[in-house]
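Trainee: Take a look at this one; I'll ask things after.
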Amino acid sequence: MNKIRIITFFVFLGLFAALFQLGSLSSVTEEEAEAFMAEFEDLVLDIDAFGIFIHNLTITLPMFIPGFGVAWGLFSAWSTGFAFASIALTTPQIAEIQPLTILFMSPFGLMELIAYSFGISRSFILIRAIVKKINLTQFIKPTMIEIGIVIGLLLTGGYLEFYMIEMAQEQGLMDMPGF
């Protein structure tokens, strides 16, 4: 069972990264980018570390829902990539960064990727058990442990992301349009 769990986790980690990359390669019109940036600025206005955590948690927890979580998680991957494409269109400095770099090279990006992969892969495991008519009682404890891990990752990632944003603002790195 552990071998299947590990394989499932890495399969969905790869799928998330691939769909994020596809979303980041999307053609975004100037109007779409401006509309996204207006919504984005409203979302992040006065957000703090705990707000980042809550935002990411509300995205992640539905990923644990059997079946639905897979679709939600993969849609989230694509739409996050699309958001990157929108930001890159309005902020040329961001366009120079390879999208997957943010996922795999930033500590908070990696924490979020791991958290999302836990949720999506658990959703798959649960829907597979339901289809095979396997008693779900045995999945309660591992699912609760994974949700706890996800909460820890997202809480740490939220504070780390906020700290890095604050540092970048102090150094004048985020005085560009869109930030």
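Residue names in the structure tokens use chain letters A, B, ... in the order shown, residue numbers from 1 in each chain, and ligand numbers from 1 in the order shown.
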Residues of stretch 90-168 of chain A within 12 Å of stretch 46-70 of chain A: nearest atom pair and distance (Å, one decimal) for each, counting only C-alpha atoms, sorted by chain and number, as JSON lines?
Mentor:
{"residue": "A:Phe108", "atom": "CA", "partner": "A:Phe53", "partner_atom": "CA", "distance": 10.7}
{"residue": "A:Gly109", "atom": "CA", "partner": "A:Asn56", "partner_atom": "CA", "distance": 11.1}
{"residue": "A:Met111", "atom": "CA", "partner": "A:Asn56", "partner_atom": "CA", "distance": 10.8}
{"residue": "A:Glu112", "atom": "CA", "partner": "A:Asn56", "partner_atom": "CA", "distance": 7.9}
{"residue": "A:Leu113", "atom": "CA", "partner": "A:Thr60", "partner_atom": "CA", "distance": 10.1}
{"residue": "A:Ile114", "atom": "CA", "partner": "A:Thr60", "partner_atom": "CA", "distance": 10.6}
{"residue": "A:Ala115", "atom": "CA", "partner": "A:Thr60", "partner_atom": "CA", "distance": 7.3}
{"residue": "A:Tyr116", "atom": "CA", "partner": "A:Thr60", "partner_atom": "CA", "distance": 5.9}
{"residue": "A:Ser117", "atom": "CA", "partner": "A:Met63", "partner_atom": "CA", "distance": 8.8}
{"residue": "A:Phe118", "atom": "CA", "partner": "A:Phe64", "partner_atom": "CA", "distance": 8.1}
{"residue": "A:Gly119", "atom": "CA", "partner": "A:Phe64", "partner_atom": "CA", "distance": 4.6}
{"residue": "A:Ile120", "atom": "CA", "partner": "A:Val70", "partner_atom": "CA", "distance": 4.9}
{"residue": "A:Ser121", "atom": "CA", "partner": "A:Val70", "partner_atom": "CA", "distance": 7.3}
{"residue": "A:Arg122", "atom": "CA", "partner": "A:Phe64", "partner_atom": "CA", "distance": 5.9}
{"residue": "A:Ser123", "atom": "CA", "partner": "A:Pro66", "partner_atom": "CA", "distance": 4.3}
{"residue": "A:Phe124", "atom": "CA", "partner": "A:Gly67", "partner_atom": "CA", "distance": 5.9}
{"residue": "A:Ile125", "atom": "CA", "partner": "A:Pro66", "partner_atom": "CA", "distance": 7.7}
{"residue": "A:Leu126", "atom": "CA", "partner": "A:Pro66", "partner_atom": "CA", "distance": 5.2}
{"residue": "A:Ile127", "atom": "CA", "partner": "A:Pro66", "partner_atom": "CA", "distance": 4.7}
{"residue": "A:Arg128", "atom": "CA", "partner": "A:Gly67", "partner_atom": "CA", "distance": 8.3}
{"residue": "A:Ala129", "atom": "CA", "partner": "A:Pro66", "partner_atom": "CA", "distance": 9.3}
{"residue": "A:Ile130", "atom": "CA", "partner": "A:Pro66", "partner_atom": "CA", "distance": 8.4}
{"residue": "A:Val131", "atom": "CA", "partner": "A:Gly67", "partner_atom": "CA", "distance": 10.2}
{"residue": "A:Leu136", "atom": "CA", "partner": "A:Pro66", "partner_atom": "CA", "distance": 11.0}
{"residue": "A:Phe139", "atom": "CA", "partner": "A:Pro66", "partner_atom": "CA", "distance": 11.5}
{"residue": "A:Ile140", "atom": "CA", "partner": "A:Phe64", "partner_atom": "CA", "distance": 11.6}
{"residue": "A:Pro142", "atom": "CA", "partner": "A:Phe64", "partner_atom": "CA", "distance": 11.8}
{"residue": "A:Thr143", "atom": "CA", "partner": "A:Phe64", "partner_atom": "CA", "distance": 8.2}
{"residue": "A:Met144", "atom": "CA", "partner": "A:Phe64", "partner_atom": "CA", "distance": 10.1}
{"residue": "A:Glu146", "atom": "CA", "partner": "A:Phe64", "partner_atom": "CA", "distance": 9.5}
{"residue": "A:Ile147", "atom": "CA", "partner": "A:Leu61", "partner_atom": "CA", "distance": 7.8}
{"residue": "A:Gly148", "atom": "CA", "partner": "A:Leu61", "partner_atom": "CA", "distance": 10.8}
{"residue": "A:Ile149", "atom": "CA", "partner": "A:Leu57", "partner_atom": "CA", "distance": 11.7}
{"residue": "A:Val150", "atom": "CA", "partner": "A:Thr60", "partner_atom": "CA", "distance": 8.2}
{"residue": "A:Ile151", "atom": "CA", "partner": "A:Leu57", "partner_atom": "CA", "distance": 7.2}
{"residue": "A:Gly152", "atom": "CA", "partner": "A:Phe53", "partner_atom": "CA", "distance": 9.7}
{"residue": "A:Leu153", "atom": "CA", "partner": "A:Phe53", "partner_atom": "CA", "distance": 9.2}
{"residue": "A:Leu154", "atom": "CA", "partner": "A:Phe53", "partner_atom": "CA", "distance": 5.6}
{"residue": "A:Leu155", "atom": "CA", "partner": "A:Phe53", "partner_atom": "CA", "distance": 5.2}
{"residue": "A:Thr156", "atom": "CA", "partner": "A:Phe53", "partner_atom": "CA", "distance": 8.1}
{"residue": "A:Gly157", "atom": "CA", "partner": "A:Phe53", "partner_atom": "CA", "distance": 7.4}
{"residue": "A:Gly158", "atom": "CA", "partner": "A:Phe53", "partner_atom": "CA", "distance": 4.7}
{"residue": "A:Tyr159", "atom": "CA", "partner": "A:Ala49", "partner_atom": "CA", "distance": 4.6}
{"residue": "A:Leu160", "atom": "CA", "partner": "A:Ala49", "partner_atom": "CA", "distance": 7.8}
{"residue": "A:Glu161", "atom": "CA", "partner": "A:Ala49", "partner_atom": "CA", "distance": 7.3}
{"residue": "A:Phe162", "atom": "CA", "partner": "A:Ala49", "partner_atom": "CA", "distance": 5.1}
{"residue": "A:Tyr163", "atom": "CA", "partner": "A:Ala49", "partner_atom": "CA", "distance": 7.8}
{"residue": "A:Met164", "atom": "CA", "partner": "A:Ala49", "partner_atom": "CA", "distance": 10.4}
{"residue": "A:Ile165", "atom": "CA", "partner": "A:Ala49", "partner_atom": "CA", "distance": 9.9}
{"residue": "A:Glu166", "atom": "CA", "partner": "A:Asp48", "partner_atom": "CA", "distance": 9.9}
Trainee: I'd like the neighbourhood of A:Ala33 as a list of chain:residue names, where a residue qualifies if any of its atoms comes within 12 Å (using only C-alpha atoms), though same-chain residues fewer than 4 positions away should be ignored.
Mentor: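 The contact residues come out as A:Ser26, A:Ser27, A:Val28, A:Thr29, A:Met37, A:Ala38, A:Glu39, A:Phe40, A:Glu41, A:Phe82, A:Ala83, A:Phe84, A:Ala85, A:Ser86, A:Ile87, A:Ala88, A:Leu89, A:Thr90, A:Thr91, A:Gly178.
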Trainee: Atom CA of A:Ala35 and atom CA of A:Ile97, how far apart in Å?
Mentor: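 Between atom CA of A:Ile97 and atom CA of A:Ala35 the gap works out to 21.9 Å.
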Trainee: So that I can see what lies close to A:Leu22, please list as a PyMOL selection string the residues with an atom at most 10 Å from it, counting only C-alpha atoms and leaving out residues fewer than 4 positions away in the same chain.
Mentor: chain A and resi 16-18+26+77-79+81-82+85+99
Trainee: Okay, now the selection with N, CA and C atoms, as a PDB file, in the first residue's frame?
Mentor:
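File result_25.pdb, as written:
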ATOM      1  N   PHE A  16       0.383  17.859 -11.915  1.00  0.00           N
ATOM      2  CA  PHE A  16       0.166  19.239 -11.487  1.00  0.00           C
ATOM      3  C   PHE A  16       1.184  20.159 -12.158  1.00  0.00           C
ATOM      4  N   ALA A  17       2.452  19.760 -12.118  1.00  0.00           N
ATOM      5  CA  ALA A  17       3.506  20.582 -12.724  1.00  0.00           C
ATOM      6  C   ALA A  17       3.280  20.735 -14.228  1.00  0.00           C
ATOM      7  N   ALA A  18       2.893  19.653 -14.892  1.00  0.00           N
ATOM      8  CA  ALA A  18       2.667  19.707 -16.339  1.00  0.00           C
ATOM      9  C   ALA A  18       1.504  20.634 -16.685  1.00  0.00           C
ATOM     10  N   SER A  26      -0.371  29.571 -21.926  1.00  0.00           N
ATOM     11  CA  SER A  26      -1.627  30.017 -22.532  1.00  0.00           C
ATOM     12  C   SER A  26      -1.476  31.410 -23.115  1.00  0.00           C
ATOM     13  N   ALA A  77      -4.183  23.656 -11.009  1.00  0.00           N
ATOM     14  CA  ALA A  77      -2.835  23.694 -11.590  1.00  0.00           C
ATOM     15  C   ALA A  77      -2.834  24.525 -12.866  1.00  0.00           C
ATOM     16  N   TRP A  78      -3.775  24.230 -13.763  1.00  0.00           N
ATOM     17  CA  TRP A  78      -3.839  24.966 -15.023  1.00  0.00           C
ATOM     18  C   TRP A  78      -4.139  26.447 -14.769  1.00  0.00           C
ATOM     19  N   SER A  79      -5.106  26.720 -13.892  1.00  0.00           N
ATOM     20  CA  SER A  79      -5.486  28.119 -13.673  1.00  0.00           C
ATOM     21  C   SER A  79      -4.375  28.906 -12.975  1.00  0.00           C
ATOM     22  N   GLY A  81      -1.194  28.343 -13.531  1.00  0.00           N
ATOM     23  CA  GLY A  81      -0.294  28.623 -14.655  1.00  0.00           C
ATOM     24  C   GLY A  81      -0.820  29.769 -15.508  1.00  0.00           C
ATOM     25  N   PHE A  82      -2.133  29.789 -15.736  1.00  0.00           N
ATOM     26  CA  PHE A  82      -2.750  30.875 -16.499  1.00  0.00           C
ATOM     27  C   PHE A  82      -2.551  32.202 -15.767  1.00  0.00           C
ATOM     28  N   ALA A  85       0.827  33.391 -16.460  1.00  0.00           N
ATOM     29  CA  ALA A  85       0.899  33.982 -17.799  1.00  0.00           C
ATOM     30  C   ALA A  85       0.340  35.404 -17.795  1.00  0.00           C
ATOM     31  N   PRO A  99       8.351  29.408 -15.555  1.00  0.00           N
ATOM     32  CA  PRO A  99       7.244  29.144 -14.626  1.00  0.00           C
ATOM     33  C   PRO A  99       7.520  28.008 -13.631  1.00  0.00           C
TER      34      PRO A  99
END
Trainee: If I take atom CA of A:Glu30 and atom CA of A:Ala95, how far is one from the other in Å, to one decimal?
Mentor: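 Taking atom CA of A:Glu30 and atom CA of A:Ala95, their separation equals 14.3 Å.
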Trainee: Apply DSSP to the backbone of this structure and, from stretch 17-132 of chain A, keep only the residues in alpha helix (DSSP H); write these as a PyMOL selection string.
Mentor: chain A and resi 17-24+30-44+49-60+68-90+92-95+99-105+107-131
Trainee: Hey, can you check how far atom CA of A:Ile102 sits from atom CA of A:Leu15?
Mentor: 16.0 Å
